[in-house]
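Colleague: My structure file protein-v3.txt, compact mmCIF, C-alpha atoms, is below:
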# COMPACT_ATOMS: atom_id res chain seq x y z
CA MET A 136 13.78 -4.77 -3.86
CA PRO A 137 13.39 -8.44 -4.73
CA VAL A 138 10.78 -8.16 -7.46
CA PRO A 139 10.85 -9.45 -11.03
CA ASP A 140 13.28 -7.53 -13.23
CA THR A 141 10.59 -6.21 -15.58
CA LEU A 142 8.59 -4.79 -12.69
CA ALA A 143 11.70 -3.35 -11.07
CA SER A 144 12.58 -1.62 -14.33
CA LEU A 145 9.08 -0.18 -14.78
CA THR A 146 8.82 1.13 -11.21
CA LYS A 147 12.39 2.41 -10.88
CA PRO A 148 11.51 5.99 -11.97
CA LEU A 149 8.87 6.22 -9.24
CA PHE A 150 11.15 4.90 -6.51
CA GLU A 151 13.89 7.30 -7.65
CA ALA A 152 11.49 10.27 -7.68
CA LEU A 153 9.87 9.29 -4.38
CA PRO A 154 12.09 7.01 -2.27
CA LEU A 155 10.39 4.75 0.24
CA GLU A 156 11.65 6.81 3.19
CA GLN A 157 9.74 9.82 1.80
CA ALA A 158 6.61 7.99 0.65
CA MET A 159 3.47 7.76 2.77
CA PRO A 160 4.58 10.60 5.09
CA GLU A 161 1.33 10.50 7.08
CA LEU A 162 -0.53 7.61 8.64
CA VAL A 163 -3.83 9.08 7.45
CA PRO A 164 -3.04 11.31 4.45
CA THR A 165 -4.19 14.92 4.46
CA ARG A 166 -1.73 16.54 2.07
CA THR A 167 -2.04 17.35 -1.61
CA ILE A 168 -0.32 14.91 -3.95
CA ASP A 169 2.33 16.20 -6.33
CA PRO A 170 0.72 16.13 -9.81
CA ASN A 171 4.05 15.14 -11.37
CA ILE A 172 4.16 12.02 -9.20
CA VAL A 173 0.54 11.23 -10.11
CA ARG A 174 1.40 11.50 -13.82
CA LEU A 175 4.42 9.27 -13.29
CA VAL A 176 2.29 6.56 -11.67
CA GLU A 177 -0.35 6.93 -14.39
CA SER A 178 2.34 6.21 -16.98
CA ILE A 179 3.64 3.22 -15.01
CA VAL A 180 0.25 1.62 -14.39
CA SER A 181 -0.66 2.00 -18.06
CA GLN A 182 1.99 -0.63 -18.89
CA SER A 183 0.54 -4.06 -19.67
CA GLU A 184 2.94 -5.77 -17.26
CA ILE A 185 1.55 -3.68 -14.40
CA GLN A 186 -2.07 -3.94 -15.52
CA ALA A 187 -1.72 -7.72 -15.40
CA ASN A 188 -1.24 -7.50 -11.61
CA PRO A 189 -4.00 -5.46 -9.92
CA SER A 190 -2.32 -5.86 -6.51
CA VAL A 191 0.75 -4.03 -7.79
CA THR A 192 -1.42 -1.34 -9.35
CA ALA A 193 -3.30 -0.81 -6.07
CA ALA A 194 0.03 -0.76 -4.22
CA LEU A 195 1.50 1.92 -6.46
CA TRP A 196 -1.50 4.20 -5.98
CA LEU A 197 -1.32 3.63 -2.23
CA TYR A 198 2.41 4.43 -2.27
CA ILE A 199 1.64 7.98 -3.40
CA ASP A 200 -1.44 8.36 -1.16
CA GLU A 201 -3.98 8.09 -3.98
CA ILE A 202 -6.25 6.29 -1.57
CA ASP A 203 -9.43 6.37 -3.69
CA ARG A 204 -7.73 4.91 -6.76
CA SER A 205 -6.10 2.21 -4.70
CA HIS A 206 -9.40 1.41 -2.97
CA THR A 207 -11.28 1.01 -6.24
CA ILE A 208 -8.74 -1.55 -7.42
CA CYS A 209 -8.07 -3.51 -4.24
CA GLN A 210 -11.70 -4.10 -3.37
CA ALA A 211 -11.99 -6.15 -6.56
CA ILE A 212 -8.92 -8.33 -5.84
CA PRO A 213 -9.99 -11.75 -4.55
CA GLY A 214 -8.35 -13.67 -1.74
CA SER A 215 -6.18 -12.74 1.19
CA VAL A 216 -3.88 -10.39 -0.74
CA GLY A 217 -6.84 -8.31 -1.88
CA SER A 218 -8.18 -8.27 1.67
CA LEU A 219 -4.79 -7.13 2.99
CA TRP A 220 -4.54 -4.23 0.53
CA HIS A 221 -8.17 -3.37 1.27
CA ALA A 222 -7.45 -3.38 5.02
CA ILE A 223 -4.44 -1.09 4.61
CA VAL A 224 -6.41 1.31 2.44
CA HIS A 225 -9.14 1.55 5.08
CA ARG A 226 -6.57 2.14 7.82
CA ARG A 227 -4.99 4.90 5.71
CA GLU A 228 -8.46 6.43 5.23
CA GLY A 229 -8.93 6.51 8.99
CA ASP A 230 -11.69 3.90 8.76
CA PHE A 231 -10.14 1.80 11.51
CA TRP A 232 -13.02 -0.56 12.27
CA ASN A 233 -13.35 -1.46 8.60
CA SER A 234 -9.60 -1.96 8.36
CA LYS A 235 -9.69 -4.56 11.12
CA TYR A 236 -12.64 -6.25 9.40
CA TRP A 237 -10.60 -6.67 6.21
CA PHE A 238 -7.57 -7.92 8.12
CA ARG A 239 -9.85 -10.58 9.63
CA GLN A 240 -11.09 -11.45 6.12
CA ALA A 241 -7.48 -12.06 5.09
CA GLY A 242 -7.30 -14.88 7.63
CA THR A 243 -4.55 -15.70 10.06
CA ASN A 244 -1.93 -17.19 7.75
CA HIS A 245 -0.74 -14.52 5.31
CA VAL A 246 2.35 -12.52 4.48
CA LEU A 247 1.69 -9.89 7.20
CA SER A 248 0.36 -12.17 9.94
CA ALA A 249 3.62 -12.17 11.92
CA HIS A 250 3.30 -8.43 12.46
CA SER A 251 -0.09 -8.28 14.22
CA PRO A 252 -1.78 -5.96 11.72
CA GLU A 253 -4.91 -5.46 13.85
CA ALA A 254 -2.80 -4.24 16.79
CA PHE A 255 -1.07 -1.87 14.38
CA VAL A 256 -4.48 -0.47 13.39
CA ASP A 257 -5.13 0.29 17.06
CA GLN A 258 -1.75 2.03 17.40
CA VAL A 259 -2.43 4.13 14.32
CA GLU A 260 -5.91 5.04 15.54
CA GLN A 261 -4.49 6.28 18.85
CA THR A 262 -1.62 8.32 17.39
CA TYR A 263 -2.23 9.13 13.71
CA LYS A 264 -2.56 12.89 14.25
CA ASN A 265 1.04 12.97 15.51
CA ASN A 266 2.49 10.66 12.82
CA PRO A 267 5.05 8.97 15.09
CA PRO A 268 8.17 8.19 13.04
CA GLU A 269 8.30 4.57 14.22
CA LEU A 270 4.75 3.97 12.98
CA LEU A 271 5.48 5.68 9.66
CA GLU A 272 8.47 3.36 9.25
CA ARG A 273 6.35 0.35 10.12
CA GLN A 274 3.75 1.47 7.57
CA ARG A 275 6.43 1.72 4.88
CA GLN A 276 7.87 -1.69 5.74
CA GLU A 277 4.41 -3.24 5.72
CA TRP A 278 3.78 -1.71 2.28
CA LEU A 279 7.14 -2.96 1.01
CA GLN A 280 6.59 -6.49 2.28
CA LEU A 281 3.15 -6.77 0.70
CA PHE A 282 4.29 -5.05 -2.50
CA GLU A 283 7.18 -7.48 -2.93
CA PHE A 284 4.91 -10.42 -2.22
CA SER A 285 2.31 -9.12 -4.71
CA ALA A 286 4.99 -8.54 -7.35
CA ARG A 287 6.37 -12.06 -7.03
CA GLU A 288 3.03 -13.85 -6.73
CA GLY A 289 1.04 -11.74 -9.19
Rewrite the structure from the file as structure tokens, please.

Modeller:
Amino acid sequence: MPVPDTLASLTKPLFEALPLEQAMPELVPTRTIDPNIVRLVESIVSQSEIQANPSVTAALWLYIDEIDRSHTICQAIPGSVGSLWHAIVHRREGDFWNSKYWFRQAGTNHVLSAHSPEAFVDQVEQTYKNNPPELLERQRQEWLQLFEFSAREG
């Protein structure tokens, strides 16, 4: 993961405990979150290097499906990156209309614009109860792309 070394070191325990291919296993989460993983993220986000980058903090909560915590943080992040995280959170909540609103707020020239995020919202809305593997993979890659961008730009 091309992120700054300090951030990579701080997040390594999470990505070892919950690899990307196992994270976000539902398009709209319904499962209970492992309390050990929650405690792990709490310890990571308490680090000053992480607290200095709210986008990374929101991303880490989203990674483990702590949607409410992520939402609280990302709605206060200004600019297109905050709007992108906010849009993804709303899509993951199943609030599809609001997700598309926030993607529009991000503008047309951003890190995810090549992937037609609004069309992805429509695909998720139509199929989220079945969690198609190809959409889960797209969700993970979207998260990774925005996480890496947030880590480098933060």

Colleague: At most 12 Å from (-5.5, 7.7, -2.9), file frame, all atoms listed in the file: which residues, as a PyMOL selection string?

Modeller: chain A and resi 159+163-168+173+176+192-209+223-225+227-228

Colleague: Suppose you want the space between atom CA of A:Gly242 and atom CA of A:Val191; what is it in Å?

Modeller: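 Atom-to-atom, atom CA of A:Gly242 to atom CA of A:Val191, that is 20.5 Å.
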
Colleague: Ranking A:Glu283, A:Ala152, A:Val180, A:Glu288 by minimum distance to A:Pro137 and counting only C-alpha atoms, which one comes first?

Modeller: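 Ranked by minimum distance to A:Pro137, first place goes to A:Glu283.
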
Colleague: Which distance in Å separates atom CA of A:Asn171 and atom CA of A:Thr141, to one decimal?

Modeller: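 It comes out at 22.7 Å.
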
Colleague: From the list A:Trp220, A:Leu270, A:Ile179, A:Asp169, which residue is nearest A:Lys147 when using only C-alpha atoms?

Modeller: A:Ile179

Colleague: My list of candidates is A:Ala187, A:Trp232, A:Phe282, A:Trp237. Which is closest to A:Asp257 when distances are computed with all atoms listed in the file?

Modeller: A:Trp232

Colleague: Between A:Glu184, A:Asp140, A:Glu277, A:Glu161, which residue has the minimum interatomic distance to A:Val246, considering all atoms listed in the file?

Modeller: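 Checking each of A:Glu184, A:Asp140, A:Glu277, A:Glu161 against A:Val246, counting all atoms listed in the file, the winner is A:Glu277.
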
Colleague: Which distance in Å separates atom CA of A:Asn188 and atom CA of A:Ala286, to one decimal?

Modeller: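 Rounded to one decimal, the two atoms are 7.6 Å apart.
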
Colleague: Mind checking which residues fall within 12 Å of A:Ala249, counting all atoms listed in the file, ignoring those fewer than 5 positions away in the same chain, and posting them as an MDAnalysis selection string?

Modeller: chainID A and resid 243:244 254:255 277 280

Colleague: Show which residues sit within 8 Å of A:Arg275, as a list of chain:residue names. Count only C-alpha atoms, and ignore same-chain residues fewer than 2 positions away.

Modeller: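 Within the cut-off, the hits are A:Leu155, A:Glu156, A:Ala158, A:Met159, A:Leu271, A:Glu272, A:Arg273, A:Glu277, A:Trp278, A:Leu279.
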
Colleague: Would you write out those residues with C-alpha atoms, as a tab-separated table (two decimals), keeping the file's coordinate frame?

Modeller:
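Written file, out.tsv:
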chain	number	residue	atom	x	y	z
A	155	LEU	CA	10.39	4.75	0.24
A	156	GLU	CA	11.65	6.81	3.19
A	158	ALA	CA	6.61	7.99	0.65
A	159	MET	CA	3.47	7.76	2.77
A	271	LEU	CA	5.48	5.68	9.66
A	272	GLU	CA	8.47	3.36	9.25
A	273	ARG	CA	6.35	0.35	10.12
A	277	GLU	CA	4.41	-3.24	5.72
A	278	TRP	CA	3.78	-1.71	2.28
A	279	LEU	CA	7.14	-2.96	1.01

Colleague: Choose the residue, out of A:Leu162, A:Ser178, A:Tyr236, A:Ser183, that has the smallest atom-to-atom separation from A:Pro148; count all atoms listed in the file.

Modeller: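 Closest to A:Pro148 of all the choices is A:Ser178.
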
Colleague: I'd like the box whose edges run along x, y and z of the file and which contains every listed atom of stretch 277-288 of chain A, padded by 4 Å per side; could you state its centre and edge lengths in Å, one decimal, as lines of an AutoDock Vina configuration file?

Modeller:
center_x = 4.7
center_y = -7.8
center_z = -0.8
size_x = 12.9
size_y = 20.1
size_z = 21.1

Colleague: Let me make sure I understand: among A:Gln261, A:Leu175, A:Gln274, A:Ser285, which one has the smallest atom-to-atom distance to A:Leu142 if we use all atoms listed in the file?

Modeller: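 The closest residue to A:Leu142 is A:Ser285.
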